[in-house]
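S.K.: So I've got this file, my_file_12.cif, and it contains mmCIF, C-alpha atoms and all ligand atoms:
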```cif
data_target
#
loop_
_atom_site.label_atom_id
_atom_site.label_comp_id
_atom_site.auth_asym_id
_atom_site.auth_seq_id
_atom_site.Cartn_x
_atom_site.Cartn_y
_atom_site.Cartn_z
CA MET A 1 0.00 0.00 0.00
CA VAL A 2 1.33 3.44 -0.87
CA ALA A 3 0.29 6.40 1.27
CA HIS A 4 -2.00 8.91 -0.35
CA VAL A 5 -5.01 10.60 1.10
CA GLY A 6 -8.07 10.43 -1.10
CA LEU A 7 -7.63 7.09 -2.82
CA ILE A 8 -10.75 5.06 -3.38
CA SER A 9 -10.63 1.66 -1.69
CA LEU A 10 -11.70 -1.18 -3.94
CA THR A 11 -11.62 -3.74 -1.18
CA SER A 12 -15.20 -3.18 -0.12
CA CYS A 13 -16.19 -5.18 -3.23
CA PHE A 14 -16.59 -8.92 -2.97
CA SER A 15 -14.16 -11.22 -4.68
CA PRO A 16 -15.70 -13.18 -7.54
CA LEU A 17 -14.38 -16.24 -5.72
CA SER A 18 -16.67 -15.59 -2.79
CA ARG A 19 -19.68 -16.10 -5.05
CA LEU A 20 -18.72 -19.61 -6.09
CA PRO A 21 -20.85 -22.38 -4.59
CA ARG A 22 -19.77 -24.02 -1.33
CA LEU A 23 -18.22 -27.47 -1.61
CA SER A 24 -19.87 -28.79 1.50
CA SER A 25 -23.17 -29.31 -0.33
CA THR A 26 -23.50 -32.91 -1.54
CA LYS A 27 -26.70 -32.00 -3.35
CA HIS A 28 -24.75 -29.90 -5.85
CA LYS A 29 -21.70 -32.08 -5.91
CA PRO A 30 -21.09 -32.27 -9.69
CA PHE A 31 -21.30 -28.47 -9.97
CA ALA A 32 -19.28 -28.04 -6.80
CA MET A 33 -16.49 -30.23 -8.13
CA ALA A 34 -16.37 -28.17 -11.32
CA ALA A 35 -16.31 -25.00 -9.25
CA MET A 36 -13.49 -26.32 -7.10
CA ASN A 37 -11.38 -26.93 -10.20
CA GLU A 38 -12.08 -23.39 -11.30
CA ASP A 39 -11.29 -21.94 -7.92
CA PRO A 40 -7.66 -22.52 -7.02
CA VAL A 41 -8.05 -20.64 -3.73
CA ARG A 42 -10.65 -23.09 -2.40
CA GLN A 43 -8.70 -25.94 -3.88
CA TRP A 44 -5.52 -25.00 -2.00
CA ILE A 45 -7.33 -24.26 1.27
CA LEU A 46 -9.13 -27.63 1.11
CA SER A 47 -5.95 -29.57 0.32
CA GLU A 48 -2.57 -28.16 1.35
CA GLY A 49 -4.31 -25.73 3.69
CA LYS A 50 -5.59 -28.82 5.55
CA ALA A 51 -9.17 -27.56 5.90
CA THR A 52 -12.12 -29.84 5.26
CA LYS A 53 -14.65 -27.02 5.04
CA ILE A 54 -14.79 -23.29 4.50
CA THR A 55 -17.25 -21.84 6.99
CA ASN A 56 -17.28 -18.20 5.96
CA ILE A 57 -15.77 -15.76 3.49
CA SER A 58 -15.80 -12.07 4.34
CA SER A 59 -14.51 -9.01 2.55
CA ILE A 60 -11.78 -6.90 4.17
CA GLY A 61 -11.41 -3.21 3.30
CA GLY A 62 -8.31 -1.09 3.50
CA GLY A 63 -6.27 -1.97 0.40
CA CYS A 64 -6.29 0.08 -2.77
CA ILE A 65 -5.08 -2.23 -5.50
CA ASN A 66 -6.47 -5.67 -4.67
CA LEU A 67 -9.58 -7.32 -3.27
CA ALA A 68 -9.02 -8.85 0.15
CA ASN A 69 -11.00 -11.62 1.85
CA ARG A 70 -10.88 -13.58 5.06
CA TYR A 71 -11.56 -17.30 4.65
CA ASP A 72 -12.62 -18.98 7.89
CA THR A 73 -12.22 -22.75 7.94
CA ASP A 74 -12.07 -25.64 10.37
CA ALA A 75 -8.26 -25.36 10.08
CA GLY A 76 -8.18 -21.67 11.03
CA SER A 77 -8.42 -18.50 8.96
CA PHE A 78 -6.60 -17.52 5.77
CA PHE A 79 -6.06 -14.10 4.25
CA VAL A 80 -6.57 -14.01 0.48
CA LYS A 81 -5.95 -11.15 -1.94
CA THR A 82 -7.08 -11.31 -5.55
CA ASN A 83 -6.45 -9.08 -8.52
CA ARG A 84 -8.71 -9.44 -11.53
CA SER A 85 -6.35 -8.09 -14.16
CA ILE A 86 -2.72 -8.43 -13.06
CA GLY A 87 -0.99 -11.81 -13.47
CA PRO A 88 0.78 -13.62 -10.61
CA SER A 89 4.09 -11.73 -10.87
CA MET A 90 2.99 -8.94 -8.49
CA PHE A 91 1.89 -11.43 -5.81
CA GLU A 92 4.97 -13.58 -6.41
CA GLY A 93 7.08 -10.54 -5.55
CA GLU A 94 4.99 -9.96 -2.41
CA ALA A 95 5.23 -13.63 -1.40
CA LEU A 96 9.00 -13.75 -1.91
CA GLY A 97 9.37 -10.59 0.15
CA LEU A 98 7.10 -11.84 2.96
CA GLY A 99 8.91 -15.19 2.88
CA ALA A 100 12.34 -13.56 3.13
CA MET A 101 11.24 -11.39 6.07
CA TYR A 102 9.51 -14.37 7.73
CA GLU A 103 12.70 -16.43 7.44
CA THR A 104 14.69 -13.90 9.46
CA GLY A 105 12.63 -14.93 12.51
CA SER A 106 12.61 -11.31 13.72
CA ILE A 107 9.64 -9.03 13.17
CA ARG A 108 6.22 -10.60 12.68
CA VAL A 109 4.94 -10.78 9.11
CA PRO A 110 2.16 -12.95 7.66
CA LYS A 111 3.52 -16.26 6.39
CA PRO A 112 2.87 -16.56 2.64
CA PHE A 113 1.35 -19.87 1.49
CA LYS A 114 0.46 -19.83 -2.18
CA VAL A 115 0.37 -17.61 -5.27
CA GLY A 116 -1.18 -18.48 -8.61
CA PRO A 117 -3.25 -17.41 -11.60
CA LEU A 118 -7.06 -17.23 -11.57
CA PRO A 119 -8.84 -19.14 -14.35
CA THR A 120 -10.78 -15.99 -15.24
CA GLY A 121 -7.55 -13.94 -15.53
CA GLY A 122 -5.76 -12.15 -12.74
CA SER A 123 -4.11 -13.79 -9.75
CA TYR A 124 -4.34 -14.57 -6.03
CA ILE A 125 -2.16 -14.85 -2.94
CA ILE A 126 -3.04 -16.88 0.16
CA MET A 127 -1.27 -16.11 3.42
CA GLU A 128 -1.57 -16.44 7.16
CA PHE A 129 -4.48 -14.46 8.58
CA ILE A 130 -3.41 -12.13 11.37
CA GLU A 131 -5.84 -10.94 14.04
CA PHE A 132 -4.91 -7.32 14.44
CA GLY A 133 -5.10 -5.49 17.76
CA PRO A 134 -6.44 -2.00 18.36
CA SER A 135 -3.09 -0.16 18.40
CA ARG A 136 -0.04 -0.24 16.15
CA GLY A 137 2.09 -1.73 18.90
CA ASN A 138 4.96 -0.57 21.03
CA GLN A 139 7.30 1.80 19.14
CA SER A 140 10.49 0.64 20.79
CA VAL A 141 9.65 -3.03 20.10
CA LEU A 142 8.95 -2.08 16.48
CA GLY A 143 12.33 -0.29 16.22
CA ARG A 144 14.24 -3.19 17.78
CA LYS A 145 12.52 -5.90 15.73
CA LEU A 146 12.95 -3.99 12.49
CA ALA A 147 16.67 -3.57 13.24
CA GLU A 148 16.89 -7.28 14.02
CA MET A 149 15.38 -8.02 10.62
CA HIS A 150 17.89 -5.69 8.92
CA LYS A 151 20.72 -7.38 10.79
CA ALA A 152 19.58 -10.94 10.06
CA GLY A 153 18.50 -10.45 6.43
CA LYS A 154 21.83 -10.65 4.58
CA SER A 155 22.49 -11.17 0.88
CA GLU A 156 25.43 -12.80 -0.87
CA LYS A 157 24.34 -11.40 -4.23
CA GLY A 158 24.71 -7.73 -3.32
CA PHE A 159 22.00 -5.09 -3.61
CA GLY A 160 18.74 -6.06 -5.33
CA PHE A 161 16.29 -8.93 -5.12
CA ASP A 162 15.54 -12.14 -7.01
CA VAL A 163 12.51 -10.59 -8.70
CA ASN A 164 11.36 -7.13 -9.65
CA ASN A 165 8.37 -5.98 -7.61
CA THR A 166 6.18 -2.91 -7.27
CA ILE A 167 6.19 0.17 -5.09
CA GLY A 168 2.50 1.07 -4.97
CA SER A 169 1.66 0.15 -8.53
CA THR A 170 4.96 1.42 -9.98
CA PRO A 171 7.40 -1.27 -11.13
CA GLN A 172 10.49 -1.47 -8.92
CA MET A 173 13.64 -2.86 -10.58
CA ASN A 174 15.82 -5.05 -8.40
CA THR A 175 18.66 -6.07 -10.74
CA TRP A 176 21.54 -7.23 -8.55
CA SER A 177 24.45 -4.83 -8.15
CA SER A 178 27.57 -4.88 -6.00
CA ASP A 179 27.59 -1.08 -5.66
CA TRP A 180 24.88 0.56 -3.55
CA SER A 181 25.15 4.12 -4.90
CA GLN A 182 25.04 2.77 -8.47
CA PHE A 183 21.99 0.61 -7.58
CA TYR A 184 20.16 3.41 -5.78
CA GLY A 185 21.01 5.97 -8.47
CA GLU A 186 20.02 3.84 -11.46
CA HIS A 187 17.21 1.57 -10.21
CA ARG A 188 15.56 3.94 -7.78
CA LEU A 189 16.13 7.62 -8.62
CA VAL A 190 16.81 7.54 -12.38
CA TYR A 191 14.00 5.03 -12.95
CA GLN A 192 11.52 7.43 -11.35
CA LEU A 193 13.02 10.47 -13.08
CA LYS A 194 12.55 8.76 -16.45
CA LEU A 195 8.94 7.99 -15.59
CA ALA A 196 8.37 11.67 -14.79
CA LEU A 197 9.95 12.63 -18.12
CA ASP A 198 7.87 10.09 -20.08
CA GLN A 199 4.62 10.73 -18.31
CA TYR A 200 4.70 14.50 -17.68
CA GLY A 201 7.47 15.64 -20.05
CA ASP A 202 9.17 17.02 -16.92
CA SER A 203 12.65 17.67 -18.31
CA THR A 204 13.52 20.08 -15.46
CA ILE A 205 13.21 17.51 -12.69
CA TYR A 206 14.79 14.88 -14.96
CA GLU A 207 17.90 16.94 -15.70
CA LYS A 208 18.40 18.24 -12.18
CA GLY A 209 17.79 14.77 -10.75
CA GLN A 210 20.38 13.30 -13.13
CA ARG A 211 22.87 15.94 -11.95
CA LEU A 212 22.23 14.92 -8.37
CA VAL A 213 22.71 11.22 -9.15
CA LYS A 214 26.03 11.95 -10.87
CA SER A 215 27.30 14.02 -7.97
CA MET A 216 25.90 12.22 -4.90
CA GLY A 217 29.09 10.17 -4.27
CA PRO A 218 30.31 12.30 -1.30
CA LEU A 219 27.09 11.54 0.60
CA PHE A 220 28.41 7.98 0.97
CA ASP A 221 31.94 8.89 2.09
CA ASN A 222 33.24 7.08 5.20
CA VAL A 223 30.38 4.62 5.37
CA VAL A 224 30.46 0.88 4.82
CA ILE A 225 27.17 -0.20 3.28
CA GLU A 226 26.14 -3.82 3.51
CA PRO A 227 23.02 -5.19 1.85
CA CYS A 228 20.21 -5.67 4.39
CA LEU A 229 16.74 -7.06 3.79
CA LEU A 230 14.36 -4.08 3.64
CA HIS A 231 10.56 -4.02 3.81
CA GLY A 232 10.84 -1.25 1.23
CA ASP A 233 7.53 0.57 1.77
CA LEU A 234 7.39 1.13 5.50
CA TRP A 235 4.73 3.69 6.36
CA SER A 236 1.91 3.66 8.88
CA GLY A 237 -0.58 1.93 6.52
CA ASN A 238 1.75 -1.06 6.38
CA ILE A 239 2.47 -1.24 10.11
CA SER A 240 0.03 -2.86 12.49
CA SER A 241 0.07 -5.09 15.53
CA HIS A 242 -1.15 -8.54 16.43
CA LYS A 243 -3.91 -8.66 19.05
CA ASN A 244 -1.16 -9.72 21.52
CA GLY A 245 0.52 -6.33 20.92
CA GLU A 246 3.39 -7.64 18.80
CA PRO A 247 4.19 -5.29 15.85
CA VAL A 248 3.38 -6.66 12.41
CA ILE A 249 4.54 -5.30 9.04
CA LEU A 250 2.66 -5.98 5.80
CA ASP A 251 2.48 -5.36 2.10
CA PRO A 252 6.23 -5.09 1.40
CA ALA A 253 8.29 -4.03 -1.60
CA CYS A 254 11.34 -5.98 -0.40
CA TYR A 255 14.90 -5.79 -1.65
CA TYR A 256 18.39 -5.88 -0.19
CA GLY A 257 19.66 -2.35 0.28
CA HIS A 258 21.21 0.17 2.64
CA ASN A 259 19.30 -0.08 5.92
CA GLU A 260 18.84 3.72 6.02
CA ALA A 261 16.71 3.52 2.84
CA GLU A 262 14.04 1.87 5.01
CA PHE A 263 13.29 5.33 6.42
CA GLY A 264 12.42 6.77 3.00
CA MET A 265 8.71 6.69 3.94
CA SER A 266 9.32 8.08 7.45
CA TRP A 267 7.38 11.27 6.53
CA CYS A 268 4.31 9.01 6.60
CA ALA A 269 5.26 6.52 9.31
CA GLY A 270 5.12 8.43 12.61
CA PHE A 271 8.40 7.00 13.94
CA GLY A 272 9.30 8.75 17.19
CA GLY A 273 12.32 8.91 19.51
CA ALA A 274 11.53 5.56 21.17
CA PHE A 275 11.50 3.86 17.77
CA TYR A 276 14.84 5.31 16.62
CA ASN A 277 16.60 4.79 19.97
CA ALA A 278 15.66 1.11 19.99
CA TYR A 279 16.58 0.74 16.31
CA PHE A 280 20.06 2.27 16.72
CA GLU A 281 20.83 0.07 19.72
CA VAL A 282 20.79 -2.90 17.34
CA MET A 283 21.88 -1.19 14.10
CA PRO A 284 24.16 1.69 15.11
CA LYS A 285 23.71 5.00 13.32
CA GLN A 286 26.34 5.46 10.59
CA PRO A 287 28.32 8.64 9.91
CA GLY A 288 26.39 10.95 7.58
CA PHE A 289 22.96 9.43 8.40
CA GLU A 290 21.30 12.87 8.60
CA LYS A 291 22.74 14.14 5.33
CA ARG A 292 21.47 11.06 3.45
CA ARG A 293 18.01 11.05 4.98
CA ASP A 294 16.38 13.24 2.30
CA LEU A 295 18.08 11.31 -0.49
CA TYR A 296 16.13 8.24 0.61
CA ILE A 297 12.90 10.21 0.98
CA LEU A 298 13.38 11.55 -2.55
CA TYR A 299 12.69 8.13 -4.13
CA HIS A 300 9.28 7.93 -2.49
CA TYR A 301 8.39 11.56 -3.27
CA LEU A 302 9.25 10.91 -6.92
CA ASN A 303 7.11 7.76 -6.84
CA HIS A 304 4.20 9.70 -5.34
CA TYR A 305 4.65 12.38 -8.01
CA ASN A 306 4.47 9.67 -10.69
CA LEU A 307 1.49 7.93 -9.08
CA PHE A 308 -0.60 10.83 -7.82
CA GLY A 309 0.47 13.92 -9.76
CA SER A 310 1.97 17.32 -9.30
CA GLY A 311 1.10 17.74 -5.61
CA TYR A 312 4.30 15.88 -4.77
CA ARG A 313 6.53 17.55 -7.38
CA SER A 314 7.60 20.52 -5.28
CA SER A 315 8.64 18.29 -2.36
CA ALA A 316 10.83 16.22 -4.67
CA MET A 317 12.20 19.28 -6.44
CA SER A 318 13.17 21.07 -3.24
CA ILE A 319 15.15 18.02 -2.04
CA ILE A 320 16.99 17.92 -5.37
CA ASP A 321 17.69 21.68 -5.31
CA ASP A 322 18.98 21.52 -1.69
CA TYR A 323 21.38 18.69 -2.54
CA LEU A 324 22.61 20.41 -5.71
CA ARG A 325 23.44 23.49 -3.60
CA MET A 326 25.07 21.42 -0.84
CA LEU A 327 27.15 19.43 -3.33
CA ASN A 328 27.96 22.47 -5.54
CA ALA A 329 26.70 20.45 -8.48
N1 LIG B 1 -2.28 -11.23 6.69
C1 LIG B 1 -3.34 -10.48 6.96
N2 LIG B 1 -4.26 -10.88 7.85
C2 LIG B 1 -5.36 -10.13 8.10
N3 LIG B 1 -5.61 -8.95 7.51
C3 LIG B 1 -4.71 -8.48 6.63
C4 LIG B 1 -3.54 -9.21 6.31
N4 LIG B 1 -2.82 -8.49 5.40
C5 LIG B 1 -3.52 -7.37 5.18
N5 LIG B 1 -4.66 -7.35 5.91
C6 LIG B 1 -5.71 -6.33 5.89
O1 LIG B 1 -6.22 -6.22 4.58
C7 LIG B 1 -6.16 -4.87 4.11
C8 LIG B 1 -5.70 -4.89 2.68
O2 LIG B 1 -4.39 -5.45 2.59
P1 LIG B 1 -3.25 -4.76 1.75
O3 LIG B 1 -3.02 -3.37 2.22
O4 LIG B 1 -2.10 -5.69 1.72
O5 LIG B 1 -3.98 -4.73 0.35
P2 LIG B 1 -3.48 -4.25 -1.05
O6 LIG B 1 -4.70 -3.95 -1.85
O7 LIG B 1 -2.51 -5.23 -1.63
O8 LIG B 1 -2.68 -2.99 -0.69
P3 LIG B 1 -2.64 -1.64 -1.44
O9 LIG B 1 -3.20 -0.70 -0.44
O10 LIG B 1 -1.21 -1.44 -1.79
O11 LIG B 1 -3.52 -1.76 -2.61
C9 LIG B 1 -5.16 -4.17 5.03
O12 LIG B 1 -5.59 -2.88 5.29
C10 LIG B 1 -5.15 -4.99 6.29
O13 LIG B 1 -6.01 -4.43 7.23
#
```
Would it be possible to restate this file's structure as structure tokens?
M.R.:
Amino acid sequence: MVAHVGLISLTSCFSPLSRLPRLSSTKHKPFAMAAMNEDPVRQWILSEGKATKITNISSIGGGCINLANRYDTDAGSFFVKTNRSIGPSMFEGEALGLGAMYETGSIRVPKPFKVGPLPTGGSYIIMEFIEFGPSRGNQSVLGRKLAEMHKAGKSEKGFGFDVNNTIGSTPQMNTWSSDWSQFYGEHRLVYQLKLALDQYGDSTIYEKGQRLVKSMGPLFDNVVIEPCLLHGDLWSGNISSHKNGEPVILDPACYYGHNEAEFGMSWCAGFGGAFYNAYFEVMPKQPGFEKRRDLYILYHYLNHYNLFGSGYRSSAMSIIDDYLRMLNA
């Protein structure tokens, strides 16, 4: 989920899957068997999901891009998202990201179970259903657990990820690279600058942004950057808590990158002193953290400009102008 006030939520609609007949009815068995073959979500839940019956399917609001449903069964509940038009690659990226974060055994994330195509077109993802609590959890626990994930999630392939994924609905390129500033410049900033040029003809932001990318080297002086597993889209809409109070993070755009890039959405995350103090106890603050902070915010402002229009342009432009002045570029 990308932060933007005023988006229309599509998740109040019912999934077409929820209208398929229930399998528990013997009276309609021939039709039910046909429906089961056409409904891979039911099929998985009633086989590998180890349920013998689905007792209820209810719609969950809150997302912007996909339809979300809770499937209650005699083997517990499952969370299912469907998209009617996009193939499985988007959900495969989400599942790989959730799986990588889950494997670190640090912060709580829903365990992904299955991704696949829908027979009518589109795709689905099935994952662990999490019972959320009323608050977003303890800030210092969130900071510590996030840092533990960054510390545990290491990559031998450098910066990037095994698949490309999406940030909001914008493609996010994750081609492996051994050089962080090259990766961040090319696959994050320049990618978004090109989109702004193609979509809005914005040659001013494109040219100034390119100048910044070419001259940003000194911002990384005296810092050793190791690839860490990042959630990639960490803002308040993607942070919640289990009913037991444990923080939970959702809906990632994972890749291996500089841990500081995780704070690129901090303008929309409400992280306070308790969060940062706990985070830096596990992942110590590196020299130059403050001077790089806006560079990491810039990627998300550019993405919001490309997704939602000119309201975000001036925020992106003023970061670029400030850096060009600071770097005499
Ligand atoms: N594993 C889960 N268990 C229970 N509820 C979940 C789970 N994951 C997400 N939700 C709920 O479902 C809603 C929609 O999920 P999510 O934000 O991932 O949807 P989305 O449509 O993919 O996101 P986006 O907003 O990017 O379109 C969330 O607001 C959250 O409340």
S.K.: To one decimal place, how far is atom CA of Lys154 of chain A from atom CA of Glu128 of chain A in Å?
M.R.: 24.2 Å
S.K.: Kindly list the centre and edge lengths in Å, rounded to one decimal, for the axis-aligned box that covers all listed atoms of ligand LIG 1 (chain B) plus 4 Å on each of its six sides, as lines of an AutoDock Vina configuration file.
M.R.:
```
center_x = -3.7
center_y = -6.0
center_z = 2.7
size_x = 13.0
size_y = 18.5
size_z = 18.7
```
S.K.: Counting all atoms listed in the file, which residues of chain A sit at most 10 Å from some atom of ligand LIG 1 (chain B), and what is each one's closest atom pair with its distance in Å to one decimal, listed by chain and rising residue number, as CSV?
M.R.:
```
residue,atom,partner,partner_atom,distance
A:Met1,CA,B:LIG1,O10,2.6
A:Val2,CA,B:LIG1,O10,5.6
A:Ala3,CA,B:LIG1,O9,8.1
A:His4,CA,B:LIG1,O9,9.7
A:Leu7,CA,B:LIG1,O9,9.3
A:Ile8,CA,B:LIG1,O9,9.9
A:Ser9,CA,B:LIG1,O9,7.9
A:Leu10,CA,B:LIG1,O6,7.8
A:Thr11,CA,B:LIG1,O6,7.0
A:Ser59,CA,B:LIG1,O1,9.0
A:Ile60,CA,B:LIG1,O1,5.6
A:Gly61,CA,B:LIG1,C7,5.6
A:Gly62,CA,B:LIG1,O12,3.7
A:Gly63,CA,B:LIG1,O6,3.4
A:Cys64,CA,B:LIG1,O11,3.3
A:Ile65,CA,B:LIG1,O11,3.3
A:Asn66,CA,B:LIG1,O6,3.7
A:Leu67,CA,B:LIG1,O6,6.1
A:Ala68,CA,B:LIG1,C8,5.8
A:Asn69,CA,B:LIG1,O1,7.7
A:Arg70,CA,B:LIG1,C2,7.2
A:Ser77,CA,B:LIG1,N2,8.8
A:Phe78,CA,B:LIG1,N2,7.3
A:Phe79,CA,B:LIG1,N2,5.2
A:Val80,CA,B:LIG1,N1,8.0
A:Lys81,CA,B:LIG1,O7,6.9
A:Thr82,CA,B:LIG1,O7,8.6
A:Asn83,CA,B:LIG1,O6,8.6
A:Met90,CA,B:LIG1,O7,9.5
A:Phe91,CA,B:LIG1,O7,8.7
A:Glu94,CA,B:LIG1,O7,8.9
A:Val109,CA,B:LIG1,N1,7.6
A:Pro110,CA,B:LIG1,N1,4.9
A:Lys111,CA,B:LIG1,N1,7.7
A:Pro112,CA,B:LIG1,N1,8.4
A:Ile125,CA,B:LIG1,O7,9.7
A:Ile126,CA,B:LIG1,N1,8.7
A:Met127,CA,B:LIG1,N1,6.0
A:Glu128,CA,B:LIG1,N1,5.3
A:Phe129,CA,B:LIG1,N2,3.7
A:Ile130,CA,B:LIG1,N2,3.8
A:Glu131,CA,B:LIG1,C2,6.0
A:Phe132,CA,B:LIG1,C2,6.9
A:Thr166,CA,B:LIG1,O10,9.3
A:Ile167,CA,B:LIG1,O10,8.3
A:Gly168,CA,B:LIG1,O10,5.5
A:Ser169,CA,B:LIG1,O10,7.5
A:Asp233,CA,B:LIG1,O10,9.6
A:Gly237,CA,B:LIG1,O12,7.1
A:Asn238,CA,B:LIG1,O3,6.7
A:Ile239,CA,B:LIG1,C10,9.3
A:Ser240,CA,B:LIG1,O13,8.2
A:His242,CA,B:LIG1,N2,9.4
A:Val248,CA,B:LIG1,N1,9.3
A:Ile249,CA,B:LIG1,N4,8.8
A:Leu250,CA,B:LIG1,N4,6.0
A:Asp251,CA,B:LIG1,O4,4.6
A:Pro252,CA,B:LIG1,O4,8.4
A:Ala253,CA,B:LIG1,O10,9.8
```
S.K.: Env of segment 284-286 of chain A: 9 Å cut, atoms = all atoms listed in the file, seq-sep filter 6 positions within chain, self excluded. Answer as a PyMOL selection string.
M.R.: chain A and resi 222-224+260
S.K.: Counting only C-alpha atoms, what are the residues of segment 233-282 of chain A within 7 Å of segment 289-309 of chain A, and for each of them which pair of atoms is the nearest and at what distance in Å, to one decimal? Sort the table by chain and rising number, as JSON lines.
M.R.:
```
{"residue": "A:Ala261", "atom": "CA", "partner": "A:Tyr296", "partner_atom": "CA", "distance": 5.3}
{"residue": "A:Gly264", "atom": "CA", "partner": "A:Ile297", "partner_atom": "CA", "distance": 4.0}
{"residue": "A:Met265", "atom": "CA", "partner": "A:Ile297", "partner_atom": "CA", "distance": 6.2}
```
S.K.: Just checking: using all atoms listed in the file, which residue out of A:Ser266, A:Ser47, A:Ser236, A:Thr104 ends up closest to Lys145 of chain A?
M.R.: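 Closest residue, counting all atoms listed in the file: A:Thr104.
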S.K.: Grab the atom CA of Asn328 of chain A to atom CA of Asp221 of chain A distance for me, in Å with one decimal place.
M.R.: 16.1 Å
